[in-house]
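Below is one structure, written out as structure tokens; the observations come after it.
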Amino acid sequence: MPANDFKFFKPGEVRVRIAPSPTGFLHIGSARTALFNFLFAQSHQGSFILRIEDTDAERSDPRFEKDIIENLKWLGIEWNEGPYRQSQRLNIYAKYLEKLIQENQAYYCFCSEKDLEAQRQYQLSIGEAPHYNGKCAQLSPEEVKKGLTEGKPTVIRFRMPPKKVDFEDLIRGKVEFDASLMGDLVIAKNLSNPLYNFAVVVDDFEMKISHVIRGEEHLSNTPKQILLQEALDFPRPLYAHLPLILGQDRTKLSKRHGSVSVSQYKKEGYLAEALINFMAFLGWNPGGEREIYSLPSLIKEFSLERVQKAGAVLNIKRLDYLNGFYIRQRSIEKITELCIPYLIEAGLIGKVEGKDLKLFGDDSGFLASQYIIRETGEEISFDTLKKIFALYQERLKKLSEISELTDFFFRDSLKYSKDLLKWEKMSDEEVKESLEKSEKTLSDVVVENWTRENLEKILLLRAEEAGLPAQAGDRGRLLWPLRVALTGKEASAGPFEIAAILGKEKTLKRISDAKFLISNS
RNA sequence: GCCGCCUUCGUCUAGUUUGGUCUAGGACGUCGGGUUCUCAUCCCGAAAAUCAUGGGUUCAAAUCCCGUAGGCGGCGCCA
């Protein structure tokens with residue numbers, strides 16, 4: 001816990017914070033706010049503080065706090081202080097609350113929610129912004145005491161000074177609000193239950209926050225917080241309101257737009273560095289033409305001046321592109337480690353019975369030297385899996401695609417329609433001939449020579465002698481049926497590399513299965 | 001309804017501070033082509049913004065000024 005001192009922050013000392021409420025999984029919007037705060041702190045050698053705003057006990061849940069912390073770490077967004085929890089700082093808020101009440105800057109209000117709602121409806125109907133009408137603002141001390149001792153339901157309201165408030169937003173410039181339109185703000189349910197706008201002001205002061213960098217949805221909270229600061233005699237931090245992240249329909253991004261939580265993206269197989277690069281460019285860019293940036297290079301380039309004012313629509317295709325790029329950058333060992341859990345989850349492979357798998361890290365999945373193919377019971381090594389994934393590394397946009405792309409390696413028999421075996425307009429008979437040719441060619445290859453290079457050399461030779469005009473295009477007559485026989489798929493990696501991994505026996509078995517399919521249906 | 005903010009290719013954006021080099025640049029996506037049995041990668045090329053709109057200032061405006069429209073956000077005993 002920080003010391004309870006009242007020292008003003010030093011203007012030169014940059015201290016920023018991210019203040020998520022644990023009422024949901026870490027949202028991509030909060031993650032981006034965290035990123036910008038982190039980048040800003042890092043580029044100014046400042047401090048970045050994590051503060052969990054869990055004053056709403058009903059909606060807060062420790063598992064959300066866990067999710068927030070885990071995913072921030074996963075993204076590589078590290079904080080220097082915290083996590084602080086507002087629920088553990090209630091005595092601090094109570095002290096300031098009492099001060100405001102004592103100074104008559106805040107007061108108890110006994111209005112019922114029903115009355116308030118009626119009032120709101122009425123104000124709306126006459127074209128006014130809904131705001132508290134001040135009914136309890138002038139209660140005598142006796143009335144307050146009576147209400148309190150009777151245990152009447154109550155809240156604490158801040159006497160909002162009816163004045164204009166302006167502030168210089170680092171991104172938007174001068175912004176002005178008229179507080180006389182706002183009505184007295186509820187700052188706490190009672191002495192031990194502070195509410196957001198109040199708790200934020202106290203904490204930002206106590207934690208000596210120099211710059212409040214947050215989403216634009218907080219812009220209209222700012223004048224309220226400024227007035228509270230003035231009432232408490234706190235210095236005013238600098239403000240920067242980030243543009244919102246929008247969905248396709250240009251409204252604030254929410255669940256109905258699809259994936260919004262970082263954990264969802266992680267599970268779908270997006271890499272942290274892709275997400276970071278992507279989020280950084282949502283409402284900001286360094287000005288040049290380079291678009292690939294790692295965390296360290298972002299720190300070098302980041303500045304609040306280059307942050308956009310308008311909201312930014314999240315373009316998932318761009319994230320996919322970036323993710324594919326970063327997948328291709330990773331080492332094949334790392335890709336293998338990351339892909340294995342998806343295969344396990346799809347039920348394609350499993351642990352070897354009796355052997356313990358080493359579980360490492362948070363999310364890297366299982367790492368072992370041997371796995372078992374569920375359908376056949378055969379063992380498969382990490383190295384073989386590595387070879388399989390190597391074929392698909394450049395084809396992957398998301399890691400989660402791996403099981404659908406490579407499932408044929410882990411199946412005993414393949415299911416596909418016989419027409420898929422036909423390249424262009426081949427007849428059944430031609431397909432059969434093609435397969436027989438592959439079969440013959442491959443059965444002549446001794447196991448010692450069963451390598452990708454060799455298979456390619458031999459098969460290509462056979463394809464080109466053909467008997468037909470030997471054009472490169474004719475390779476398809478041999479290669480397409482072969483590839484479909486091995487994979488059962490319209491699109492896949494090439495037949496040579498697949499056959500090399502499958503081995504002679506399985507390769508020939510699949511060709512024979514394909515011949516059966518084309519002849520008997 | 002009230003208050004506030006915003007407005008350059010479909011999307012993210014460069015350019016606006018210091019008006020001319022902007023017949024508006026890049027990236028994703030789309031389309032076409034090359035490599036290729038397929039897919040992906042990679043390479044080449046194209047279409048795509050009368051700079052929301054109206055007016056003004058100026059020899060000259062995406063860039064400066066005024067108005068208008070539209071969009072979004074907030075208006076909670078949520079954060």
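Here's how to read the names in the structure tokens: chain A, B, ... by the order shown, residue numbers from 1 in each chain, ligand numbers from 1 in the order shown.
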
Got a sec to tell me which of stretch 41-152 of chain A DSSP assigns to alpha helix (DSSP H), as a short mmCIF file (atom, residue, chain, number, x, y, z; two decimals) with N, CA and C atoms, in the first residue's frame?
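Below is the file that was written, out_4.cif:
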data_model
loop_
_atom_site.label_atom_id
_atom_site.label_comp_id
_atom_site.auth_asym_id
_atom_site.auth_seq_id
_atom_site.Cartn_x
_atom_site.Cartn_y
_atom_site.Cartn_z
N ALA A 41 4.40 5.35 -20.43
CA ALA A 41 5.26 5.27 -19.25
C ALA A 41 6.68 4.88 -19.64
N GLN A 42 6.78 3.85 -20.45
CA GLN A 42 8.10 3.36 -20.86
C GLN A 42 8.89 4.42 -21.61
N SER A 43 8.20 5.13 -22.50
CA SER A 43 8.93 6.10 -23.30
C SER A 43 9.30 7.35 -22.49
N PRO A 62 -13.32 -12.40 -8.55
CA PRO A 62 -11.87 -12.65 -8.56
C PRO A 62 -11.38 -13.35 -9.82
N ARG A 63 -12.24 -14.14 -10.43
CA ARG A 63 -11.76 -14.84 -11.63
C ARG A 63 -11.55 -13.88 -12.79
N PHE A 64 -12.28 -12.77 -12.77
CA PHE A 64 -12.06 -11.76 -13.81
C PHE A 64 -10.75 -11.03 -13.54
N GLU A 65 -10.49 -10.79 -12.26
CA GLU A 65 -9.22 -10.15 -11.91
C GLU A 65 -8.06 -11.03 -12.37
N LYS A 66 -8.22 -12.30 -12.15
CA LYS A 66 -7.19 -13.26 -12.57
C LYS A 66 -7.01 -13.21 -14.09
N ASP A 67 -8.12 -13.16 -14.79
CA ASP A 67 -8.07 -13.11 -16.25
C ASP A 67 -7.36 -11.85 -16.73
N ILE A 68 -7.66 -10.74 -16.10
CA ILE A 68 -7.05 -9.47 -16.48
C ILE A 68 -5.54 -9.51 -16.29
N ILE A 69 -5.14 -9.99 -15.12
CA ILE A 69 -3.71 -10.05 -14.80
C ILE A 69 -2.96 -11.01 -15.72
N GLU A 70 -3.54 -12.19 -15.90
CA GLU A 70 -2.88 -13.19 -16.75
C GLU A 70 -2.71 -12.70 -18.19
N ASN A 71 -3.74 -12.08 -18.71
CA ASN A 71 -3.68 -11.68 -20.11
C ASN A 71 -2.82 -10.45 -20.36
N LEU A 72 -2.78 -9.58 -19.36
CA LEU A 72 -1.87 -8.43 -19.47
C LEU A 72 -0.43 -8.94 -19.52
N LYS A 73 -0.16 -9.91 -18.66
CA LYS A 73 1.19 -10.52 -18.64
C LYS A 73 1.48 -11.22 -19.95
N TRP A 74 0.50 -11.95 -20.41
CA TRP A 74 0.68 -12.69 -21.67
C TRP A 74 1.01 -11.74 -22.82
N LEU A 75 0.36 -10.59 -22.81
CA LEU A 75 0.62 -9.61 -23.87
C LEU A 75 1.99 -8.95 -23.72
N LEU A 90 -10.71 0.92 1.45
CA LEU A 90 -11.95 1.60 1.82
C LEU A 90 -11.77 2.64 2.91
N ASN A 91 -10.83 2.38 3.81
CA ASN A 91 -10.60 3.36 4.88
C ASN A 91 -10.09 4.69 4.34
N ILE A 92 -9.35 4.61 3.24
CA ILE A 92 -8.83 5.84 2.63
C ILE A 92 -9.98 6.68 2.07
N TYR A 93 -10.87 6.01 1.36
CA TYR A 93 -12.00 6.76 0.77
C TYR A 93 -12.89 7.32 1.88
N ALA A 94 -13.09 6.54 2.93
CA ALA A 94 -13.96 6.97 4.03
C ALA A 94 -13.46 8.27 4.63
N LYS A 95 -12.15 8.36 4.74
CA LYS A 95 -11.55 9.56 5.33
C LYS A 95 -11.91 10.81 4.50
N TYR A 96 -11.76 10.69 3.19
CA TYR A 96 -12.06 11.83 2.33
C TYR A 96 -13.56 12.11 2.25
N LEU A 97 -14.32 11.04 2.35
CA LEU A 97 -15.77 11.18 2.32
C LEU A 97 -16.23 11.98 3.54
N GLU A 98 -15.67 11.62 4.69
CA GLU A 98 -16.03 12.33 5.92
C GLU A 98 -15.63 13.80 5.83
N LYS A 99 -14.48 14.01 5.24
CA LYS A 99 -13.99 15.38 5.08
C LYS A 99 -14.99 16.21 4.26
N LEU A 100 -15.43 15.65 3.16
CA LEU A 100 -16.37 16.38 2.30
C LEU A 100 -17.69 16.64 3.00
N ILE A 101 -18.14 15.65 3.78
CA ILE A 101 -19.41 15.83 4.48
C ILE A 101 -19.27 16.90 5.56
N GLN A 102 -18.16 16.82 6.26
CA GLN A 102 -17.89 17.79 7.31
C GLN A 102 -17.85 19.21 6.76
N GLU A 113 -35.04 5.27 -5.04
CA GLU A 113 -34.72 5.05 -6.45
C GLU A 113 -35.95 5.26 -7.33
N LYS A 114 -37.09 4.94 -6.76
CA LYS A 114 -38.34 5.11 -7.50
C LYS A 114 -38.59 6.58 -7.81
N ASP A 115 -38.40 7.43 -6.80
CA ASP A 115 -38.57 8.88 -7.00
C ASP A 115 -37.60 9.40 -8.05
N LEU A 116 -36.38 8.91 -7.93
CA LEU A 116 -35.33 9.36 -8.84
C LEU A 116 -35.66 9.01 -10.28
N GLU A 117 -36.17 7.82 -10.45
CA GLU A 117 -36.51 7.35 -11.80
C GLU A 117 -37.64 8.21 -12.38
N ALA A 118 -38.64 8.51 -11.53
CA ALA A 118 -39.76 9.34 -11.98
C ALA A 118 -39.23 10.72 -12.40
N GLN A 119 -38.32 11.20 -11.59
CA GLN A 119 -37.72 12.51 -11.86
C GLN A 119 -36.98 12.52 -13.20
N ARG A 120 -36.24 11.45 -13.41
CA ARG A 120 -35.48 11.30 -14.65
C ARG A 120 -36.41 11.33 -15.86
N GLN A 121 -37.49 10.57 -15.76
CA GLN A 121 -38.44 10.49 -16.86
C GLN A 121 -39.05 11.87 -17.16
N TYR A 122 -39.38 12.55 -16.07
CA TYR A 122 -39.97 13.87 -16.23
C TYR A 122 -39.01 14.83 -16.92
N GLN A 123 -37.76 14.81 -16.47
CA GLN A 123 -36.76 15.72 -17.05
C GLN A 123 -36.53 15.43 -18.54
N LEU A 124 -36.50 14.16 -18.82
CA LEU A 124 -36.33 13.76 -20.21
C LEU A 124 -37.50 14.28 -21.05
N SER A 125 -38.69 14.19 -20.47
CA SER A 125 -39.89 14.59 -21.22
C SER A 125 -39.94 16.08 -21.50
N PRO A 141 -29.36 19.40 9.75
CA PRO A 141 -28.57 18.36 10.45
C PRO A 141 -29.46 17.41 11.25
N GLU A 142 -30.54 17.95 11.80
CA GLU A 142 -31.44 17.11 12.58
C GLU A 142 -32.12 16.06 11.70
N GLU A 143 -32.58 16.54 10.53
CA GLU A 143 -33.25 15.63 9.60
C GLU A 143 -32.31 14.52 9.16
N VAL A 144 -31.05 14.92 8.89
CA VAL A 144 -30.07 13.94 8.45
C VAL A 144 -29.84 12.92 9.56
N LYS A 145 -29.66 13.43 10.77
CA LYS A 145 -29.38 12.56 11.91
C LYS A 145 -30.54 11.58 12.12
N LYS A 146 -31.74 12.11 11.99
CA LYS A 146 -32.93 11.30 12.17
C LYS A 146 -32.97 10.18 11.12
N GLY A 147 -32.75 10.58 9.88
CA GLY A 147 -32.77 9.60 8.79
C GLY A 147 -31.74 8.51 9.00
N LEU A 148 -30.56 8.96 9.43
CA LEU A 148 -29.46 8.01 9.62
C LEU A 148 -29.75 7.04 10.76
N THR A 149 -30.24 7.58 11.88
CA THR A 149 -30.50 6.69 13.02
C THR A 149 -31.66 5.76 12.76
#

(message) Residues near B:G15, anyone? I mean within 12 Å using only C-alpha atoms (C1' of nucleotides), not counting same-chain ones fewer than 4 positions away, as number ranges by chain.
(response) A: 287-288; B: 8, 22, 24-26, 51, 62-63

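Nearest residue to A:Leu314 among B:C3, B:A14, B:C28, B:A60 is B:C28, counting only C-alpha atoms (C1' of nucleotides).
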
(message) Only residues of chain B matter here; which ones have an atom within 10 Å of chain A, counting only C-alpha atoms (C1' of nucleotides)? Give them as JSON, numbers by chain.
(response) {"B": [1, 2, 3, 4, 5, 6, 7, 11, 12, 13, 14, 15, 25, 26, 27, 28, 29, 36, 37, 38, 39, 40, 41, 71, 72, 73, 74, 75, 76, 77, 78, 79]}

Would you mind exporting C-alpha atoms (C1' of nucleotides) of the selected residues as a PDB file, in the first residue's frame?
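File written: again_13.pdb
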ATOM      1  C1'   G B   1     -34.103  15.212 -25.381  1.00  0.00           C
ATOM      2  C1'   C B   2     -29.563  17.536 -23.237  1.00  0.00           C
ATOM      3  C1'   C B   3     -24.165  17.836 -23.137  1.00  0.00           C
ATOM      4  C1'   G B   4     -19.632  16.607 -25.465  1.00  0.00           C
ATOM      5  C1'   C B   5     -16.553  14.650 -29.146  1.00  0.00           C
ATOM      6  C1'   C B   6     -15.585  13.258 -34.155  1.00  0.00           C
ATOM      7  C1'   U B   7     -15.613  13.367 -39.922  1.00  0.00           C
ATOM      8  C1'   U B  11     -11.196  -0.617 -43.168  1.00  0.00           C
ATOM      9  C1'   C B  12      -6.606   1.283 -40.387  1.00  0.00           C
ATOM     10  C1'   U B  13      -4.180   5.592 -41.730  1.00  0.00           C
ATOM     11  C1'   A B  14       0.009   9.512 -44.079  1.00  0.00           C
ATOM     12  C1'   G B  15      -0.512  14.431 -45.310  1.00  0.00           C
ATOM     13  C1'   G B  25       0.918   8.244 -50.259  1.00  0.00           C
ATOM     14  C1'   G B  26       1.118   3.351 -47.516  1.00  0.00           C
ATOM     15  C1'   A B  27      -1.139  -1.071 -45.345  1.00  0.00           C
ATOM     16  C1'   C B  28      -5.281  -4.746 -44.893  1.00  0.00           C
ATOM     17  C1'   G B  29      -9.087  -6.414 -47.929  1.00  0.00           C
ATOM     18  C1'   U B  36       2.426 -23.615 -58.788  1.00  0.00           C
ATOM     19  C1'   C B  37      -1.287 -30.264 -59.097  1.00  0.00           C
ATOM     20  C1'   U B  38      -4.373 -27.375 -55.012  1.00  0.00           C
ATOM     21  C1'   C B  39      -4.030 -24.044 -50.988  1.00  0.00           C
ATOM     22  C1'   A B  40      -0.715 -20.786 -48.637  1.00  0.00           C
ATOM     23  C1'   U B  41       3.824 -18.013 -49.044  1.00  0.00           C
ATOM     24  C1'   G B  71     -21.980   9.570 -36.792  1.00  0.00           C
ATOM     25  C1'   C B  72     -20.541   8.235 -32.052  1.00  0.00           C
ATOM     26  C1'   G B  73     -20.034   8.712 -26.704  1.00  0.00           C
ATOM     27  C1'   G B  74     -22.052  10.221 -22.046  1.00  0.00           C
ATOM     28  C1'   C B  75     -26.272  11.616 -19.246  1.00  0.00           C
ATOM     29  C1'   G B  76     -26.585   5.049 -13.112  1.00  0.00           C
ATOM     30  C1'   C B  77     -27.010   3.990  -5.729  1.00  0.00           C
ATOM     31  C1'   C B  78     -21.852   0.474 -13.238  1.00  0.00           C
ATOM     32  C1'   A B  79     -17.010   1.370 -14.259  1.00  0.00           C
TER      33        A B  79
END

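Here atom CA of A:Thr384 and atom CA of A:Asn323 stand 24.3 Å from one another.
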
(request) Calculate how many Å separate atom CA of A:Asn80 from atom CA of A:Gly46, rounding to one decimal. (result)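 Computing the Euclidean distance for atom CA of A:Asn80 and atom CA of A:Gly46 yields 9.1 Å.
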
(request) Output as a list of chain:residue names all residues of stretch 12-99 of chain A that backbone DSSP marks as strand (DSSP E or B). (result)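 Taking stretch 12-99 of chain A and keeping strand (DSSP E or B) only, one gets A:Arg15, A:Val16, A:Arg17, A:Ile18, A:His27, A:Ser47, A:Phe48, A:Ile49, A:Leu50, A:Arg51, A:Ile52, A:Glu81, A:Gly82, A:Pro83, A:Tyr84, A:Arg85.
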